[in-house]
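Colleague: Below you will find the structure I want to go over with you.
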Amino acid sequence: MKSPTLRGLRCRPGFLALLFLLAWVPAHAGPNVLLTLGDLNDFDYLSDLLTHVLEQEGYQVTVEQTRDMPNNRLEWMLEQGDITVMMLGQTPSRDRRFLPVEVGMTDNLIAQRILFIPQGRQHQYDGIDSLDDIRERQLTAGMGMTWLDYRIWKHNDLPVTGLGGDWKRLFRMVAAGNRGVDYLPRGANEIAQEWSRFPDLTVEESLALVYRKDHILYVSPEYQELYRTLNHALHEAEAEGLIRKMVRKHYSEVYQPPVNLDARRVIYLELPEGTKAL
């Protein structure tokens with residue numbers, strides 16, 4: 001188990017150097033915590049929110065970001081303690097491997113799924129008003145096989161292809177238009193940050209496929225003390241409206257073109273049996 005205030009002690013050669021460094025911390029300062037975040041799209045939001053709540057608890061916070069790499073590698077690093085926290089969809093497997101803070105982290109923006117589609121294919125989605133319309137048009141979603149979305153699409157009897165390994169290949173597969181994958185659903189907050197990076201894709205104009213299951217924060221099992229602190233602090237942040245305030249601050253672009261979240265036609269998805277709404 002690693003203490004978040006003494007994270008550097010896991011590298012034995014740096015032990016004396018770390019003690020020397022800590023000796024220069026002013027006596028009135030609170031305990032130090034170094035957060036290594038595994039979230040690339042959401043780094044600014046998580047850094048801001050977690051710094052705020054931990055400073056309220058008396059910590060001195062430093063935040064660093066890991067480099068881009070496949071999600072399964074990031075989760076392995078989270079399990080090992082090389083990453084401190086990640087914001088992820090909740091699954092039974094992740095609940096066993098990591099420490100879950102069961103607080104909705106995006107004010108449900110992540111569960112309002114907007115579709116990446118190939119350029120020139122908007123006509124395939126015009127006039128869709130229900131899940132039956134999607135089934136009848138045989139439009140197939142592509143997503144990571146470990147995503148909660150995969151279970152949700154299956155539960156709602158929607159055509160879906162699950163991809164193992166690096167799910168980011170789906171951007172190219174959808175753009176190609178001939179790989180058996182018609183669209184890639186992304187959270188409203190995700191697609192608002194991603195659309196400009198993928199000129200071969202376009203944001204579907206009118207639909208939002210919505211379920212009631214927000215992402216949560218997972219803490220590495222190597223940081224039990226930090227987990228207890230964040231579990232308390234984030235429940236308070238949710239109750240006091242801080243999370244919603246931070247979401248509005250960092251994700252205001254979801255209400256602007258091309259996402260236009262408030263102007264979309266909502267189609268609701270049922271959660272699989274045993275999946276707790278959040």
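The way I read the labels, and the way they are meant: chains A, B, ... in the order of the structure tokens, residue 1 as the first residue of every chain, and ligand 1 as the first ligand shown, with later ones counted on from there.
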Can you pull out every residue within 7 Å of region 104-112 of chain A, counting only C-alpha atoms, but drop anything in the same chain fewer than 2 positions away, and send it as a list in words?

Modeller: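 These residues fall inside the cut-off: Glu102, Ile114, Gly187, Ala188, Asn189, Ala208, Leu209, Val210, Tyr211, Arg212, Lys213, Asp214, His215, Ile216, Leu217, Ile243, Arg244, Val247 and Leu278 of chain A.
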
Colleague: Would you please extract all alpha helix (DSSP H) residues from region 50-229 of chain A, as assigned by DSSP on the backbone, and give them as an NGL selection string?

Modeller: :A and (50-56 or 71-80 or 92-97 or 131-136 or 148-155 or 169-176 or 188-194 or 224-229)

Colleague: Counting only C-alpha atoms, which residue out of A:Tyr268, A:Phe198, A:Tyr255, A:Phe116 sits closest to Arg186 (chain A)?

Modeller: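 Under the stated criterion, the closest residue is A:Phe116.
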
Colleague: What's the 7 Å shell around region 61-63 of chain A, counting only C-alpha atoms, without same-chain residues fewer than 3 positions away, as a PDB file with N, CA and C atoms, in the first residue's frame?

Modeller:
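Contents of the output file out03.pdb:
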```pdb
ATOM      1  N   ASN A  32       1.653  16.539   1.468  1.00  0.00           N
ATOM      2  CA  ASN A  32       1.779  16.609   0.018  1.00  0.00           C
ATOM      3  C   ASN A  32       1.134  15.404  -0.634  1.00  0.00           C
ATOM      4  N   VAL A  33       0.493  15.628  -1.762  1.00  0.00           N
ATOM      5  CA  VAL A  33      -0.045  14.525  -2.538  1.00  0.00           C
ATOM      6  C   VAL A  33       0.279  14.770  -4.007  1.00  0.00           C
ATOM      7  N   LEU A  34       0.849  13.764  -4.639  1.00  0.00           N
ATOM      8  CA  LEU A  34       1.137  13.817  -6.070  1.00  0.00           C
ATOM      9  C   LEU A  34       0.118  12.947  -6.780  1.00  0.00           C
ATOM     10  N   LEU A  35      -0.693  13.547  -7.641  1.00  0.00           N
ATOM     11  CA  LEU A  35      -1.687  12.818  -8.423  1.00  0.00           C
ATOM     12  C   LEU A  35      -1.171  12.626  -9.839  1.00  0.00           C
ATOM     13  N   THR A  36      -1.093  11.397 -10.278  1.00  0.00           N
ATOM     14  CA  THR A  36      -0.801  11.103 -11.673  1.00  0.00           C
ATOM     15  C   THR A  36      -2.100  10.641 -12.315  1.00  0.00           C
ATOM     16  N   SER A  47      -7.996  17.644 -12.939  1.00  0.00           N
ATOM     17  CA  SER A  47      -6.956  18.348 -12.199  1.00  0.00           C
ATOM     18  C   SER A  47      -7.566  19.474 -11.359  1.00  0.00           C
ATOM     19  N   THR A  51      -7.804  18.883  -7.332  1.00  0.00           N
ATOM     20  CA  THR A  51      -6.984  19.846  -6.588  1.00  0.00           C
ATOM     21  C   THR A  51      -7.842  20.625  -5.608  1.00  0.00           C
ATOM     22  N   GLU A  55      -7.351  20.268  -1.606  1.00  0.00           N
ATOM     23  CA  GLU A  55      -6.897  21.451  -0.877  1.00  0.00           C
ATOM     24  C   GLU A  55      -7.873  21.800   0.241  1.00  0.00           C
TER      25      GLU A  55
END
```

Colleague: Need to verify the contact set: region 64-76 of chain A, 8 Å, only C-alpha atoms, exclusion of same-chain residues closer than 6 positions in sequence. Can you return it as JSON, numbers by chain?

Modeller: {"A": [34, 35, 36, 37, 38, 39, 40, 43, 83, 165, 166, 167, 168]}

Colleague: With C-alpha atoms retained, export the selected residues as an mmCIF file, in the first residue's frame.

Modeller:
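File out14.cif, as written:
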```
data_model
loop_
_atom_site.group_PDB
_atom_site.id
_atom_site.type_symbol
_atom_site.label_atom_id
_atom_site.label_comp_id
_atom_site.auth_asym_id
_atom_site.auth_seq_id
_atom_site.Cartn_x
_atom_site.Cartn_y
_atom_site.Cartn_z
ATOM 1 C CA LEU A 34 1.137 13.817 -6.070
ATOM 2 C CA LEU A 35 -1.687 12.818 -8.423
ATOM 3 C CA THR A 36 -0.801 11.103 -11.673
ATOM 4 C CA LEU A 37 -3.896 11.165 -13.863
ATOM 5 C CA GLY A 38 -4.541 8.631 -16.594
ATOM 6 C CA ASP A 39 -7.208 10.759 -18.264
ATOM 7 C CA LEU A 40 -6.120 12.619 -21.383
ATOM 8 C CA PHE A 43 -7.111 16.156 -17.570
ATOM 9 C CA ILE A 83 -1.309 6.076 -12.049
ATOM 10 C CA GLY A 165 -7.240 -4.137 -27.470
ATOM 11 C CA ASP A 166 -6.841 -0.503 -28.465
ATOM 12 C CA TRP A 167 -10.368 0.804 -29.077
ATOM 13 C CA LYS A 168 -9.005 3.977 -30.720
#
```

Colleague: Report, in Å to a single decimal, how far apart CA of Gln90 (chain A) and CA of Gly58 (chain A) are.

Modeller: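 Spanning CA of Gly58 (chain A) to CA of Gln90 (chain A) is a straight-line distance of 28.7 Å.
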
Colleague: If we count only C-alpha atoms, what is near Leu139 (chain A) at a cut-off of 9 Å, once residues fewer than 6 positions away on the same chain are taken out, given as JSON, numbers by chain?

Modeller: {"A": [124, 125, 158, 159, 160, 181, 182, 183]}

Colleague: Taking N, CA and C atoms for each residue, export the selection above as a PDB file, in the first residue's frame.

Modeller:
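Writing the result to part_29.pdb gives the following:
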```
ATOM      1  N   GLN A 124     -28.447   8.730 -43.383  1.00  0.00           N
ATOM      2  CA  GLN A 124     -28.807   7.442 -42.789  1.00  0.00           C
ATOM      3  C   GLN A 124     -29.430   7.600 -41.403  1.00  0.00           C
ATOM      4  N   TYR A 125     -29.258   8.766 -40.802  1.00  0.00           N
ATOM      5  CA  TYR A 125     -29.741   8.996 -39.440  1.00  0.00           C
ATOM      6  C   TYR A 125     -30.930   9.957 -39.395  1.00  0.00           C
ATOM      7  N   LEU A 158     -29.403  -3.667 -29.836  1.00  0.00           N
ATOM      8  CA  LEU A 158     -28.914  -2.812 -30.913  1.00  0.00           C
ATOM      9  C   LEU A 158     -27.694  -3.463 -31.549  1.00  0.00           C
ATOM     10  N   PRO A 159     -27.555  -3.386 -32.867  1.00  0.00           N
ATOM     11  CA  PRO A 159     -26.367  -3.959 -33.513  1.00  0.00           C
ATOM     12  C   PRO A 159     -25.096  -3.297 -32.988  1.00  0.00           C
ATOM     13  N   VAL A 160     -24.120  -4.122 -32.606  1.00  0.00           N
ATOM     14  CA  VAL A 160     -22.896  -3.580 -32.032  1.00  0.00           C
ATOM     15  C   VAL A 160     -21.734  -4.519 -32.320  1.00  0.00           C
ATOM     16  N   VAL A 181     -18.718  -1.095 -39.330  1.00  0.00           N
ATOM     17  CA  VAL A 181     -19.007  -0.246 -38.170  1.00  0.00           C
ATOM     18  C   VAL A 181     -19.523   1.081 -38.695  1.00  0.00           C
ATOM     19  N   ASP A 182     -20.769   1.420 -38.347  1.00  0.00           N
ATOM     20  CA  ASP A 182     -21.394   2.626 -38.896  1.00  0.00           C
ATOM     21  C   ASP A 182     -21.171   3.872 -38.054  1.00  0.00           C
ATOM     22  N   TYR A 183     -21.061   3.684 -36.746  1.00  0.00           N
ATOM     23  CA  TYR A 183     -20.912   4.869 -35.887  1.00  0.00           C
ATOM     24  C   TYR A 183     -20.177   4.502 -34.607  1.00  0.00           C
TER      25      TYR A 183
END
```

Colleague: Residues near region 91-94 of chain A, anyone? I mean within 9 Å using only C-alpha atoms, not counting same-chain ones fewer than 5 positions away, as a list in words.

Modeller: Glu75, Leu99, Pro100, Thr146, Trp147, Leu148, Tyr218 and Thr275 of chain A

Colleague: Pull the strand (DSSP E or B) assignments for region 70-266 of chain A out of DSSP run on the backbone, and list those residues as a PyMOL selection string.

Modeller: chain A and resi 85-88+99-101+112-118+141-144+160-163+183-187+201-203+207-210+216-219+265-266

Colleague: Would you export the selected residues with C-alpha atoms as a PDB file, in the first residue's frame, please?

Modeller:
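Okay, again_23.pdb is ready:
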```
ATOM      1  CA  VAL A  85      -6.714   7.862 -10.327  1.00  0.00           C
ATOM      2  CA  MET A  86      -8.747   7.474 -13.517  1.00  0.00           C
ATOM      3  CA  MET A  87     -12.290   8.398 -14.473  1.00  0.00           C
ATOM      4  CA  LEU A  88     -13.929   5.341 -16.055  1.00  0.00           C
ATOM      5  CA  LEU A  99     -11.169   1.383  -5.477  1.00  0.00           C
ATOM      6  CA  PRO A 100     -14.438   2.923  -6.742  1.00  0.00           C
ATOM      7  CA  VAL A 101     -15.701   6.328  -5.611  1.00  0.00           C
ATOM      8  CA  GLN A 112     -25.383  11.350 -23.278  1.00  0.00           C
ATOM      9  CA  ARG A 113     -23.911   9.577 -26.270  1.00  0.00           C
ATOM     10  CA  ILE A 114     -23.373  11.519 -29.484  1.00  0.00           C
ATOM     11  CA  LEU A 115     -22.361   9.690 -32.639  1.00  0.00           C
ATOM     12  CA  PHE A 116     -19.268   9.990 -34.773  1.00  0.00           C
ATOM     13  CA  ILE A 117     -20.221   8.948 -38.321  1.00  0.00           C
ATOM     14  CA  PRO A 118     -18.414   8.952 -41.689  1.00  0.00           C
ATOM     15  CA  ALA A 141     -22.126   0.726 -33.341  1.00  0.00           C
ATOM     16  CA  GLY A 142     -18.433   0.143 -32.714  1.00  0.00           C
ATOM     17  CA  MET A 143     -16.989   0.309 -29.206  1.00  0.00           C
ATOM     18  CA  GLY A 144     -14.510  -1.262 -26.853  1.00  0.00           C
ATOM     19  CA  VAL A 160     -22.896  -3.580 -32.032  1.00  0.00           C
ATOM     20  CA  THR A 161     -19.333  -4.676 -32.711  1.00  0.00           C
ATOM     21  CA  GLY A 162     -16.996  -4.936 -29.729  1.00  0.00           C
ATOM     22  CA  LEU A 163     -13.287  -4.369 -30.258  1.00  0.00           C
ATOM     23  CA  TYR A 183     -20.912   4.869 -35.887  1.00  0.00           C
ATOM     24  CA  LEU A 184     -18.893   5.400 -32.727  1.00  0.00           C
ATOM     25  CA  PRO A 185     -20.851   6.694 -29.709  1.00  0.00           C
ATOM     26  CA  ARG A 186     -18.968   9.161 -27.499  1.00  0.00           C
ATOM     27  CA  GLY A 187     -19.943  11.093 -24.406  1.00  0.00           C
ATOM     28  CA  LEU A 201     -15.508  11.947 -39.355  1.00  0.00           C
ATOM     29  CA  THR A 202     -18.502  14.139 -38.716  1.00  0.00           C
ATOM     30  CA  VAL A 203     -20.753  14.588 -35.687  1.00  0.00           C
ATOM     31  CA  LEU A 207     -29.552  12.381 -31.883  1.00  0.00           C
ATOM     32  CA  ALA A 208     -28.481  11.774 -28.290  1.00  0.00           C
ATOM     33  CA  LEU A 209     -28.631   8.193 -27.018  1.00  0.00           C
ATOM     34  CA  VAL A 210     -28.928   8.541 -23.252  1.00  0.00           C
ATOM     35  CA  ILE A 216     -16.974   7.362 -11.602  1.00  0.00           C
ATOM     36  CA  LEU A 217     -13.502   7.902 -10.202  1.00  0.00           C
ATOM     37  CA  TYR A 218     -11.320   4.866  -9.602  1.00  0.00           C
ATOM     38  CA  VAL A 219      -8.380   5.128  -7.212  1.00  0.00           C
ATOM     39  CA  ARG A 265     -33.630  14.447 -29.936  1.00  0.00           C
ATOM     40  CA  VAL A 266     -33.161  12.154 -26.935  1.00  0.00           C
TER      41      VAL A 266
END
```

Colleague: Name all residues at most 6 Å from Tyr59 (chain A) (count only C-alpha atoms; drop same-chain ones fewer than 5 positions away) and give them as a list in words.

Modeller: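 Selected residues are Gly30, Pro31, Asn32 and Leu54 of chain A.
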
Colleague: Write a file of the selected residues as a tab-separated table (two decimals), in the first residue's frame, keeping C-alpha atoms.

Modeller:
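Writing the result to again-v4.tsv gives the following:
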```
chain	number	residue	atom	x	y	z
A	30	GLY	CA	-0.38	20.36	4.78
A	31	PRO	CA	0.62	16.89	3.61
A	32	ASN	CA	1.78	16.61	0.02
A	54	LEU	CA	-8.01	17.93	-1.74
```

Colleague: In Å to one decimal, how far is CA of Ala277 (chain A) from CA of Asp44 (chain A)?

Modeller: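 Atom-to-atom, CA of Asp44 (chain A) and CA of Ala277 (chain A) are spaced 26.2 Å apart.
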
Colleague: Using Å and a single decimal, report how far CA of Asp262 (chain A) sits from CA of Glu205 (chain A).

Modeller: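 Between CA of Glu205 (chain A) and CA of Asp262 (chain A) the gap works out to 11.9 Å.
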
Colleague: Of the candidates A:Gln56, A:Thr84, A:Gln122, A:Gln138, which one gets nearest to Ser206 (chain A) if we count only C-alpha atoms?

Modeller: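 Of A:Gln56, A:Thr84, A:Gln122, A:Gln138, the one nearest Ser206 (chain A) is A:Gln122, counting only C-alpha atoms.
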
Colleague: Go through A:Lys154, A:Ile267, A:Gly274, A:Leu230 and flag the residue nearest Asp133 (chain A), using only C-alpha atoms for the distances.

Modeller: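 Of A:Lys154, A:Ile267, A:Gly274, A:Leu230, the one nearest Asp133 (chain A) is A:Ile267, counting only C-alpha atoms.
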
Colleague: Which residue is closest to Gly180 (chain A)? Choose from A:Gly164, A:Arg135, A:Asn231, A:Thr140 and count only C-alpha atoms.

Modeller: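 Under the stated criterion, the closest residue is A:Thr140.
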